[in-house]
$ cat protein20.cif   # mmCIF, C-alpha atoms
data_data
#
loop_
_atom_site.label_atom_id
_atom_site.label_comp_id
_atom_site.auth_asym_id
_atom_site.auth_seq_id
_atom_site.Cartn_x
_atom_site.Cartn_y
_atom_site.Cartn_z
CA MET S 26 18.15 4.89 -8.45
CA ARG S 27 19.15 6.28 -11.86
CA ARG S 28 20.86 3.01 -12.77
CA THR S 29 17.78 0.99 -11.80
CA VAL S 30 15.42 3.27 -13.73
CA ALA S 31 17.69 2.99 -16.77
CA ALA S 32 17.74 -0.83 -16.51
CA LEU S 33 13.93 -1.02 -16.19
CA LEU S 34 13.30 1.47 -19.00
CA ARG S 35 15.76 -0.24 -21.29
CA LYS S 36 14.03 -3.58 -20.63
CA ASP S 37 10.56 -2.10 -21.34
CA VAL S 38 11.68 -0.50 -24.59
CA LEU S 39 13.40 -3.73 -25.65
CA LEU S 40 10.24 -5.72 -24.89
CA GLU S 41 8.11 -3.28 -26.91
CA LEU S 42 10.53 -3.35 -29.85
CA ARG S 43 10.49 -7.15 -29.69
CA THR S 44 6.73 -7.69 -29.30
CA LYS S 45 5.26 -4.50 -30.84
CA GLU S 46 2.17 -5.10 -28.72
CA THR S 47 1.47 -1.61 -27.37
CA VAL S 48 2.48 1.36 -29.52
CA PRO S 49 1.19 0.02 -32.88
CA ALA S 50 -2.16 -0.79 -31.24
CA MET S 51 -2.35 2.71 -29.74
CA ALA S 52 -1.51 4.37 -33.08
CA LEU S 53 -3.93 2.22 -35.03
CA PHE S 54 -6.69 3.00 -32.53
CA ALA S 55 -6.07 6.76 -32.74
CA VAL S 56 -6.03 6.83 -36.54
CA THR S 57 -9.17 4.67 -36.73
CA THR S 58 -10.91 7.03 -34.29
CA PHE S 59 -10.05 10.02 -36.51
CA VAL S 60 -11.56 8.19 -39.48
CA VAL S 61 -14.71 7.44 -37.45
CA PHE S 62 -14.95 11.11 -36.39
CA HIS S 63 -14.45 12.16 -40.00
CA PHE S 64 -17.59 10.26 -41.02
CA ALA S 65 -19.57 10.61 -37.79
CA LEU S 66 -19.31 14.41 -37.74
CA ASN S 67 -20.23 14.46 -41.41
CA ARG S 68 -17.76 17.22 -42.14
CA GLY S 69 -14.53 17.30 -44.04
CA SER S 70 -12.61 19.32 -41.50
CA VAL S 71 -12.75 20.66 -37.95
CA SER S 72 -11.12 23.57 -36.15
CA GLY S 73 -11.05 25.37 -32.79
CA ASP S 74 -12.65 23.70 -29.78
CA LEU S 75 -14.13 20.85 -31.82
CA ALA S 76 -10.70 20.01 -33.26
CA ALA S 77 -9.11 20.14 -29.81
CA GLY S 78 -11.85 17.92 -28.38
CA VAL S 79 -11.54 15.32 -31.13
CA LEU S 80 -7.75 15.27 -30.84
CA TRP S 81 -7.61 14.89 -27.06
CA VAL S 82 -10.45 12.39 -26.69
CA SER S 83 -8.81 10.20 -29.35
CA LEU S 84 -5.39 10.46 -27.69
CA LEU S 85 -6.90 9.71 -24.27
CA PHE S 86 -8.58 6.50 -25.38
CA ALA S 87 -5.50 5.43 -27.34
CA ALA S 88 -3.45 6.04 -24.19
CA MET S 89 -5.78 3.72 -22.26
CA LEU S 90 -4.52 0.81 -24.37
CA GLY S 91 -0.97 1.54 -23.24
CA ILE S 92 -2.05 2.04 -19.64
CA ASN S 93 -3.82 -1.34 -19.65
CA ARG S 94 -0.73 -3.16 -20.88
CA LEU S 95 1.86 -1.32 -18.83
CA PHE S 96 2.38 -3.98 -16.14
CA VAL S 97 1.16 -7.07 -18.00
CA ALA S 98 4.62 -8.56 -18.54
CA GLU S 99 5.47 -7.88 -14.88
CA ARG S 100 2.33 -9.67 -13.72
CA GLU S 101 2.27 -12.59 -16.16
CA GLN S 102 5.99 -13.32 -16.44
CA GLY S 103 7.13 -12.82 -12.87
CA GLY S 104 8.69 -9.40 -13.44
CA PHE S 105 7.19 -8.07 -10.21
CA ASP S 106 8.77 -10.83 -8.10
CA ALA S 107 12.11 -10.52 -9.88
CA PHE S 108 12.11 -6.77 -9.23
CA LEU S 109 10.98 -7.08 -5.60
CA LEU S 110 13.81 -9.52 -4.89
CA ALA S 111 16.39 -6.95 -5.99
CA PRO S 112 17.95 -4.57 -3.46
CA VAL S 113 16.70 -1.44 -5.21
CA ASP S 114 14.49 1.55 -4.49
CA ARG S 115 10.97 0.45 -5.43
CA THR S 116 10.06 3.92 -6.61
CA ALA S 117 12.39 3.25 -9.55
CA LEU S 118 9.63 1.07 -11.00
CA LEU S 119 7.17 4.00 -10.91
CA VAL S 120 9.66 6.34 -12.56
CA ALA S 121 10.65 3.80 -15.22
CA LYS S 122 7.07 2.81 -16.05
CA ALA S 123 5.94 6.44 -16.23
CA ALA S 124 8.93 7.22 -18.47
CA ALA S 125 8.10 4.23 -20.69
CA LEU S 126 4.47 5.33 -20.98
CA PHE S 127 5.60 8.89 -21.73
CA ALA S 128 7.83 7.54 -24.50
CA PHE S 129 5.03 5.37 -25.92
CA LEU S 130 2.66 8.37 -25.90
CA SER S 131 5.24 10.51 -27.68
CA VAL S 132 5.67 7.91 -30.43
CA LEU S 133 1.88 7.61 -30.66
CA GLU S 134 1.59 11.37 -31.17
CA LEU S 135 4.30 11.36 -33.84
CA ILE S 136 1.85 9.25 -35.87
CA ALA S 137 -1.52 10.45 -34.57
CA VAL S 138 -1.05 14.22 -34.80
CA PRO S 139 -0.01 14.21 -38.51
CA ALA S 140 -2.86 11.77 -39.21
CA PHE S 141 -5.25 14.14 -37.43
CA ALA S 142 -3.97 17.08 -39.46
CA LEU S 143 -4.34 15.11 -42.66
CA LEU S 144 -7.77 13.61 -41.99
CA LEU S 145 -9.60 16.26 -40.02
CA LEU S 146 -7.82 19.51 -39.27
CA ASP S 147 -8.94 22.57 -41.21
CA PRO S 148 -6.05 25.02 -40.57
CA SER S 149 -2.45 24.19 -41.45
CA PRO S 150 -0.87 22.48 -38.45
CA TRP S 151 2.60 24.01 -38.89
CA PRO S 152 2.09 27.41 -37.16
CA ALA S 153 0.44 25.66 -34.20
CA LEU S 154 3.14 23.04 -33.83
CA PRO S 155 5.53 24.65 -31.26
CA GLY S 156 2.69 25.47 -28.86
CA LEU S 157 1.01 22.13 -29.45
CA ILE S 158 4.23 20.25 -28.65
CA GLY S 159 4.47 22.06 -25.32
CA ILE S 160 0.90 21.10 -24.44
CA LEU S 161 1.44 17.51 -25.59
CA VAL S 162 4.50 17.22 -23.33
CA LEU S 163 2.61 18.55 -20.29
CA ALA S 164 -0.42 16.34 -20.95
CA ASN S 165 1.77 13.28 -21.60
CA ALA S 166 3.45 13.76 -18.23
CA GLY S 167 0.06 13.77 -16.49
CA ILE S 168 -1.25 10.78 -18.44
CA ALA S 169 2.01 8.88 -17.78
CA VAL S 170 1.96 9.43 -14.00
CA ILE S 171 -1.77 8.87 -13.49
CA GLY S 172 -1.79 5.97 -15.96
CA THR S 173 1.10 4.26 -14.17
CA LEU S 174 -0.61 4.63 -10.81
CA ALA S 175 -3.95 3.32 -12.11
CA SER S 176 -2.29 0.48 -13.98
CA ALA S 177 -0.29 -0.60 -10.92
CA LEU S 178 -3.53 -0.70 -8.91
CA ALA S 179 -5.55 -2.47 -11.59
CA ILE S 180 -2.95 -5.13 -12.36
CA GLN S 181 -3.45 -6.60 -8.86
CA THR S 182 -7.09 -7.33 -9.69
CA ARG S 183 -8.66 -10.01 -11.86
CA ALA S 184 -10.63 -7.49 -13.94
CA ARG S 185 -7.66 -5.27 -14.81
CA ASP S 186 -9.01 -4.38 -18.28
CA LEU S 187 -12.08 -2.89 -16.61
CA ILE S 188 -10.49 -1.46 -13.47
CA ALA S 189 -7.68 0.49 -15.18
CA PRO S 190 -10.01 2.72 -17.27
CA LEU S 191 -12.46 3.07 -14.37
CA LEU S 192 -9.65 4.38 -12.18
CA ALA S 193 -7.73 6.36 -14.76
CA LEU S 194 -10.44 8.08 -16.80
CA PRO S 195 -11.98 10.19 -13.99
CA LEU S 196 -8.50 11.23 -12.87
CA LEU S 197 -7.52 12.10 -16.44
CA ILE S 198 -10.55 14.32 -17.15
CA PRO S 199 -8.81 17.45 -15.80
CA VAL S 200 -5.77 16.66 -17.98
CA VAL S 201 -7.87 16.32 -21.12
CA LEU S 202 -9.95 19.37 -20.21
CA ALA S 203 -6.92 21.57 -19.64
CA ALA S 204 -5.10 20.21 -22.70
CA ALA S 205 -8.16 20.79 -24.92
CA LYS S 206 -8.68 24.32 -23.56
CA ALA S 207 -5.01 25.10 -24.10
CA SER S 208 -5.05 23.64 -27.64
CA THR S 209 -8.23 25.37 -28.83
CA PRO S 210 -6.63 28.76 -29.73
CA LEU S 211 -3.84 26.92 -31.58
CA LEU S 212 -6.30 25.10 -33.83
CA LEU S 213 -8.51 28.03 -34.90
CA ALA S 214 -9.41 28.18 -38.58
CA ALA S 215 -8.09 31.74 -38.77
CA GLY S 216 -4.68 30.67 -37.51
CA PRO S 217 -3.15 30.15 -34.08
CA GLY S 218 -4.20 32.58 -31.35
CA THR S 219 -2.65 33.21 -27.96
CA VAL S 220 -2.81 30.40 -25.42
CA ALA S 221 -4.08 31.56 -22.03
CA ALA S 222 -1.31 30.85 -19.52
CA ARG S 223 -3.69 29.37 -16.95
CA TRP S 224 -4.35 26.10 -18.84
CA PRO S 225 -0.70 25.04 -19.24
CA LEU S 226 -0.26 26.07 -15.59
CA VAL S 227 -3.21 23.91 -14.53
CA LEU S 228 -1.65 21.01 -16.45
CA ALA S 229 1.75 21.53 -14.85
CA LEU S 230 0.25 21.80 -11.37
CA TYR S 231 -1.89 18.70 -11.86
CA ASP S 232 1.19 16.79 -13.10
CA LEU S 233 3.13 17.86 -10.03
CA VAL S 234 0.38 16.94 -7.56
CA PHE S 235 -0.03 13.48 -9.04
CA ALA S 236 3.71 12.91 -9.36
CA LEU S 237 4.06 13.61 -5.63
CA THR S 238 1.01 11.46 -4.78
CA ALA S 239 2.31 8.58 -6.88
CA TYR S 240 5.75 8.89 -5.28
CA ALA S 241 4.17 8.74 -1.82
CA VAL S 242 1.89 5.74 -2.37
CA PHE S 243 3.63 3.58 -4.99
CA ASP S 244 5.67 1.58 -2.46
CA PHE S 245 2.46 0.45 -0.76
CA LEU S 246 1.01 -0.80 -4.05
CA LEU S 247 3.89 -3.26 -4.34
CA GLU S 248 3.51 -4.54 -0.78
CA ASP S 249 1.93 -7.94 -0.22
CA MET T 14 25.37 -7.26 9.10
CA ALA T 15 24.39 -10.62 10.55
CA ASP T 16 26.74 -12.40 12.93
CA ALA T 17 28.50 -15.33 11.20
CA ASP T 18 27.41 -17.69 13.99
CA GLU T 19 23.84 -16.48 13.85
CA PRO T 20 21.28 -18.88 12.36
CA ALA T 21 20.46 -18.13 8.73
CA VAL T 22 16.74 -18.71 9.28
CA GLU T 23 14.74 -18.58 12.51
CA LEU T 24 11.00 -19.17 12.43
CA HIS T 25 8.96 -18.99 15.61
CA ASP T 26 5.24 -19.76 15.56
CA LEU T 27 5.03 -18.49 11.98
CA GLY T 28 1.56 -18.07 10.51
CA ARG T 29 0.29 -16.83 7.18
CA ASP T 30 -3.25 -16.71 5.79
CA TYR T 31 -4.76 -16.29 2.34
CA GLY T 32 -8.12 -14.75 3.16
CA GLU T 33 -9.92 -17.22 5.44
CA ARG T 34 -7.52 -20.08 4.72
CA ALA T 35 -4.43 -20.56 6.87
CA ALA T 36 -1.50 -21.48 4.60
CA LEU T 37 1.00 -21.77 7.48
CA ARG T 38 0.23 -22.31 11.17
CA GLY T 39 2.66 -22.23 14.07
CA VAL T 40 5.78 -23.23 12.14
CA THR T 41 8.92 -23.14 14.28
CA ILE T 42 12.39 -24.16 13.11
CA THR T 43 15.96 -22.83 13.12
CA VAL T 44 18.39 -23.35 10.24
CA PRO T 45 22.08 -22.74 11.03
CA ALA T 46 24.19 -20.82 8.53
CA GLY T 47 25.51 -23.13 5.80
CA ALA T 48 22.96 -25.87 6.52
CA SER T 49 20.37 -27.35 4.16
CA LEU T 50 16.73 -27.63 5.12
CA ALA T 51 14.55 -30.00 3.09
CA VAL T 52 10.86 -29.10 3.12
CA PHE T 53 8.41 -31.89 2.34
CA GLY T 54 4.65 -31.87 2.08
CA PRO T 55 1.76 -32.54 -0.28
CA ASN T 56 0.49 -29.92 -2.70
CA GLY T 57 -1.02 -27.00 -0.79
CA ALA T 58 0.88 -27.81 2.40
CA GLY T 59 2.47 -24.35 2.48
CA LYS T 60 5.93 -25.06 1.03
CA SER T 61 5.89 -22.33 -1.63
CA THR T 62 4.30 -19.88 0.81
CA LEU T 63 7.17 -20.52 3.22
CA LEU T 64 9.75 -19.81 0.51
CA ARG T 65 7.99 -16.60 -0.54
CA LEU T 66 7.89 -15.45 3.08
CA LEU T 67 11.61 -16.06 3.48
CA ALA T 68 12.24 -14.21 0.20
CA THR T 69 10.36 -11.14 1.60
CA LEU T 70 7.70 -11.43 -1.11
CA LEU T 71 4.99 -12.20 1.47
CA ARG T 72 4.49 -10.77 4.95
CA PRO T 73 4.01 -13.06 7.92
CA HIS T 74 0.65 -12.64 9.67
CA ARG T 75 1.72 -14.24 12.97
CA GLY T 76 4.92 -15.19 14.74
CA HIS T 77 8.50 -14.11 14.16
CA VAL T 78 10.78 -14.55 11.16
CA ARG T 79 14.50 -13.76 11.13
CA VAL T 80 16.45 -14.25 7.92
CA LEU T 81 20.23 -13.73 7.82
CA GLY T 82 19.99 -12.02 11.18
CA ARG T 83 17.27 -9.57 10.13
CA GLU T 84 13.70 -9.38 11.37
CA LEU T 85 11.04 -9.70 8.66
CA PRO T 86 9.17 -7.82 7.38
CA ARG T 87 10.66 -4.81 9.19
CA GLU T 88 14.18 -5.29 7.83
CA GLY T 89 13.25 -6.85 4.51
CA TRP T 90 15.29 -4.23 2.69
CA ALA T 91 18.45 -5.67 4.24
CA VAL T 92 17.60 -9.24 3.23
CA ARG T 93 16.71 -8.54 -0.40
CA GLY T 94 19.75 -9.02 -2.54
CA ARG T 95 21.12 -11.68 -0.17
CA VAL T 96 18.60 -14.38 -1.02
CA GLY T 97 18.11 -16.24 -4.28
CA LEU T 98 14.65 -17.60 -5.05
CA LEU T 99 14.12 -20.37 -7.59
CA GLY T 100 10.39 -20.97 -7.67
CA HIS T 101 8.00 -22.67 -10.06
CA GLU T 102 8.06 -19.60 -12.30
CA PRO T 103 11.45 -18.79 -13.85
CA LEU T 104 10.93 -15.00 -13.42
CA LEU T 105 12.27 -14.41 -16.92
CA TYR T 106 10.68 -12.35 -19.70
CA ARG T 107 9.63 -14.75 -22.45
CA ASP T 108 10.24 -12.28 -25.28
CA LEU T 109 13.76 -11.40 -24.20
CA THR T 110 16.70 -13.71 -24.75
CA GLY T 111 18.39 -15.51 -21.89
CA ARG T 112 21.35 -13.15 -22.06
CA GLU T 113 19.12 -10.05 -22.12
CA ASN T 114 17.19 -11.34 -19.11
CA LEU T 115 20.33 -12.05 -17.12
CA ARG T 116 21.94 -8.73 -18.05
CA TYR T 117 18.78 -6.94 -16.93
CA GLN T 118 18.91 -8.79 -13.61
CA ALA T 119 22.64 -8.08 -13.31
CA ARG T 120 21.94 -4.34 -13.67
CA LEU T 121 19.28 -4.50 -10.93
CA PHE T 122 21.68 -6.30 -8.58
CA GLY T 123 24.71 -4.22 -9.55
CA VAL T 124 26.51 -7.32 -10.81
CA ASP T 125 29.19 -7.25 -13.48
CA GLY T 126 28.28 -8.50 -16.97
CA ALA T 127 31.19 -10.96 -16.83
CA ARG T 128 29.28 -12.92 -14.15
CA VAL T 129 26.43 -13.41 -16.65
CA GLU T 130 28.81 -14.92 -19.21
CA GLU T 131 30.45 -17.11 -16.56
CA LEU T 132 27.11 -18.56 -15.46
CA LEU T 133 25.93 -19.11 -19.04
CA GLN T 134 29.12 -21.10 -19.67
CA ARG T 135 28.82 -23.08 -16.45
CA THR T 136 25.23 -24.09 -17.11
CA GLY T 137 25.89 -24.94 -20.75
CA MET T 138 23.53 -22.19 -21.96
CA ALA T 139 26.05 -19.93 -23.71
CA ARG T 140 25.19 -21.22 -27.21
CA ARG T 141 21.43 -20.72 -26.76
CA ALA T 142 21.65 -17.50 -24.76
CA ASP T 143 20.66 -15.26 -27.66
CA GLU T 144 17.37 -17.02 -28.36
CA PRO T 145 14.11 -15.72 -26.88
CA VAL T 146 13.20 -17.57 -23.70
CA ARG T 147 9.80 -18.56 -25.17
CA THR T 148 11.57 -20.70 -27.80
CA LEU T 149 13.59 -22.72 -25.26
CA SER T 150 12.65 -26.03 -23.65
CA ARG T 151 11.52 -26.09 -20.02
CA GLY T 152 14.82 -27.60 -18.97
CA MET T 153 16.79 -24.82 -20.64
CA VAL T 154 14.56 -22.18 -19.09
CA GLN T 155 15.16 -23.82 -15.71
CA ARG T 156 18.94 -23.60 -16.30
CA LEU T 157 18.56 -19.88 -17.03
CA ALA T 158 16.45 -19.54 -13.91
CA VAL T 159 19.28 -21.14 -11.92
CA CYS T 160 21.67 -18.55 -13.42
CA ARG T 161 19.28 -15.77 -12.33
CA THR T 162 19.01 -17.23 -8.84
CA VAL T 163 22.76 -17.29 -8.14
CA LEU T 164 23.72 -14.25 -10.24
CA HIS T 165 24.33 -12.07 -7.16
CA ASP T 166 26.00 -14.83 -5.14
CA PRO T 167 23.24 -15.02 -2.48
CA ALA T 168 23.94 -16.26 1.05
CA LEU T 169 20.58 -18.03 1.26
CA LEU T 170 19.07 -20.14 -1.52
CA LEU T 171 15.32 -20.76 -1.57
CA LEU T 172 14.69 -23.57 -4.00
CA ASP T 173 11.26 -24.90 -4.96
CA GLU T 174 11.82 -28.31 -6.56
CA PRO T 175 14.91 -26.98 -8.31
CA LEU T 176 15.77 -30.05 -10.35
CA ALA T 177 12.31 -30.52 -11.89
CA ASN T 178 12.49 -30.49 -15.72
CA LEU T 179 16.27 -31.01 -15.75
CA ASP T 180 17.98 -33.92 -17.51
CA PRO T 181 20.96 -35.64 -15.83
CA ALA T 182 23.52 -33.50 -17.70
CA ALA T 183 21.74 -30.32 -16.65
CA VAL T 184 21.53 -31.53 -13.05
CA GLU T 185 25.29 -32.07 -13.13
CA ALA T 186 25.80 -28.54 -14.51
CA VAL T 187 23.67 -26.76 -11.90
CA GLU T 188 24.68 -28.87 -8.85
CA PRO T 189 27.84 -26.83 -8.15
CA LEU T 190 25.72 -23.66 -8.18
CA ILE T 191 22.71 -24.68 -6.09
CA GLY T 192 23.69 -28.05 -4.63
CA ARG T 193 24.70 -28.82 -1.07
CA ASP T 194 28.36 -28.21 -1.86
CA ALA T 195 27.69 -24.68 -3.11
CA GLY T 196 28.53 -23.46 0.39
CA ARG T 197 25.27 -21.57 0.92
CA THR T 198 22.40 -22.02 3.32
CA ARG T 199 19.60 -23.74 1.45
CA VAL T 200 15.89 -24.21 1.96
CA VAL T 201 14.77 -26.77 -0.62
CA THR T 202 11.29 -28.14 -1.24
CA SER T 203 11.12 -31.64 -2.57
CA HIS T 204 8.75 -34.55 -3.21
CA ASP T 205 11.58 -37.09 -3.26
CA PRO T 206 11.94 -38.44 0.30
CA ASP T 207 15.17 -40.27 -0.41
CA ALA T 208 17.19 -37.66 -2.33
CA GLY T 209 15.65 -34.81 -0.36
CA ARG T 210 16.77 -36.23 3.01
CA ARG T 211 20.18 -37.24 1.67
CA ASP T 212 20.92 -33.66 0.63
CA ALA T 213 19.67 -32.08 3.85
CA ASP T 214 20.83 -31.42 7.40
CA LEU T 215 17.31 -30.70 8.62
CA VAL T 216 13.85 -31.78 7.56
CA LEU T 217 10.62 -29.83 7.81
CA GLY T 218 7.47 -31.76 7.01
CA LEU T 219 4.35 -29.68 6.38
CA ARG T 220 0.76 -30.83 6.22
CA GLY T 221 -2.13 -28.40 6.09
CA GLY T 222 0.28 -25.56 6.92
CA ARG T 223 1.43 -27.19 10.18
CA ALA T 224 4.94 -28.48 10.88
CA VAL T 225 4.40 -32.19 11.39
CA ILE T 226 8.16 -32.91 11.24
CA ALA T 227 10.93 -30.51 12.30
CA ALA T 228 14.06 -32.53 13.03
CA PRO T 229 17.62 -33.31 11.93
CA ALA T 230 17.60 -35.29 8.66
CA ARG T 231 19.36 -38.27 10.26
CA ASP T 232 16.42 -38.70 12.66
CA VAL T 233 13.79 -38.72 9.92
CA THR T 234 13.03 -41.90 8.02
CA GLU T 235 11.67 -42.28 4.52
CA ALA T 236 8.47 -43.67 6.05
CA ASP T 237 8.06 -40.49 8.14
CA VAL T 238 8.20 -38.38 4.97
CA ARG T 239 5.91 -40.68 2.99
CA ALA T 240 3.36 -40.47 5.80
CA LEU T 241 2.97 -36.76 5.05
CA TYR T 242 1.43 -37.58 1.68
CA ARG T 243 -1.19 -40.04 2.95
#

$ encode --input "protein20.cif" --output "structure tokens"
Amino acid sequence: MRRTVAALLRKDVLLELRTKETVPAMALFAVTTFVVFHFALNRGSVSGDLAAGVLWVSLLFAAMLGINRLFVAEREQGGFDAFLLAPVDRTALLVAKAAALFAFLSVLELIAVPAFALLLLDPSPWPALPGLIGILVLANAGIAVIGTLASALAIQTRARDLIAPLLALPLLIPVVLAAAKASTPLLLAAGPGTVAARWPLVLALYDLVFALTAYAVFDFLLED
Amino acid sequence: MADADEPAVELHDLGRDYGERAALRGVTITVPAGASLAVFGPNGAGKSTLLRLLATLLRPHRGHVRVLGRELPREGWAVRGRVGLLGHEPLLYRDLTGRENLRYQARLFGVDGARVEELLQRTGMARRADEPVRTLSRGMVQRLAVCRTVLHDPALLLLDEPLANLDPAAVEAVEPLIGRDAGRTRVVTSHDPDAGRRDADLVLGLRGGRAVIAAPARDVTEADVRALYR
């Protein structure tokens, strides 16, 4: 299965490098949202729970763009059929797509988090960075797994642009909630505080539950 | 593994619906290993549905299907990788080059990269293999699709009007790979009664999803096939 996942992931990265259809759109959306927040909140900077909320809501909606496009090439260019004809474990597609989405989210955050710090964040981002990276990784894993599952379901429908967010957003609320709660102490104006262990644990547990659920049901999503 | 003497394809009372509409109804035919079956019928007769069923991409709703000695859909896992499907869609990513597409497919099928180069040479696509598929003509894309179809040396070829869009030189290049002399069992849809029958051992004529003709090619006349389209 490792070889298949590598082949699928390599193809997805190559397609993104060639078309630049997903990650630039996600990054542009996130940065634009920060600018909108900057003016809409009518304040030069934010900190604490407001900063965490702005950051995670912006990342969530930017992630939706990637989730919506995750299986488009498979659907429109016969990638599903080509994959289903191959004698490979079908779960490889779930793993590869989730890994691709995780990678796209990571690149998005490389752009969006500095932009957030520059445009909106009151405290210096540097002391918060190690803790924030840990939370970003945990949240990305959840968004990647749930996003892949929702995208695979939505792509089979005619209204995929509507169905994917309708399916994914309710399932992603706990991820955003836990990520925002975990990030709040890191973004305090007075400097980073201690992160309560329960929120990263909630994130990790949620990731695990959905990874197992996705593993169990993904095969059926590809069935005729 | 399937017995060498076992038929490559056995359909018994096969049925498949799309919602309320029956795409295939009561289709029964047996194709011996190494034989060619020509499938004729007007648009919407069920030809492409039949190929997709044999390729394990669709599940039968009624009847029995055995492909290469395996019962479908139960043993689909054992059939995948032994069939090559050349449909109306090339199943190639438009933004990747021909070589990238074939190498990706080769990795999925566990095929050596040298096979990709061999097929590109044989189909005359080696010089254009590093151009994105979206920039190629339909005939060139079809040649790449032929490469994809035979990349893993399948025992059963499922070909949906395989020579459409190909010029005579391209037809000559792909014939040894997907033609009758390729030494594989073939199920080929066609709208050309003359060439289709000439290249086949058996003929299946579909109309409205039903098998109107299911007979050896020598027993089927051009008029029989043309009658399907009236």

$ resolve_selection --input "protein20.cif" --expression "the PyMOL selection byres ((chain T) within 6 of (chain S))" --output "PyMOL selection string"
chain T and resi 71+93-94+104+106+121-122

$ resolve_selection --input "protein20.cif" --expression "the PyMOL selection byres ((chain S and resi 76-90) around 6)" --output "number ranges by chain"
S: 51, 54-55, 71-75, 91-93, 205, 208-209

$ atom_distance --input "protein20.cif" --atom1 "atom CA of T:Leu64" --atom2 "atom CA of T:Val22"
11.3 Å

$ resolve_selection --input "protein20.cif" --expression "the PyMOL selection byres ((chain T and resi 196-209) around 7)" --output "PyMOL selection string"
chain T and resi 21+46-53+60+168-174+193-195+210-213+235+238-239

$ closest_residue --input "protein20.cif" --among "T:Val233, T:Ala177, T:Val129, T:Val146" --to "T:Gly218" --atoms "all atoms listed in the file"
T:Val233

$ atom_distance --input "protein20.cif" --atom1 "atom CA of T:Asn56" --atom2 "atom CA of T:Leu215"
20.3 Å
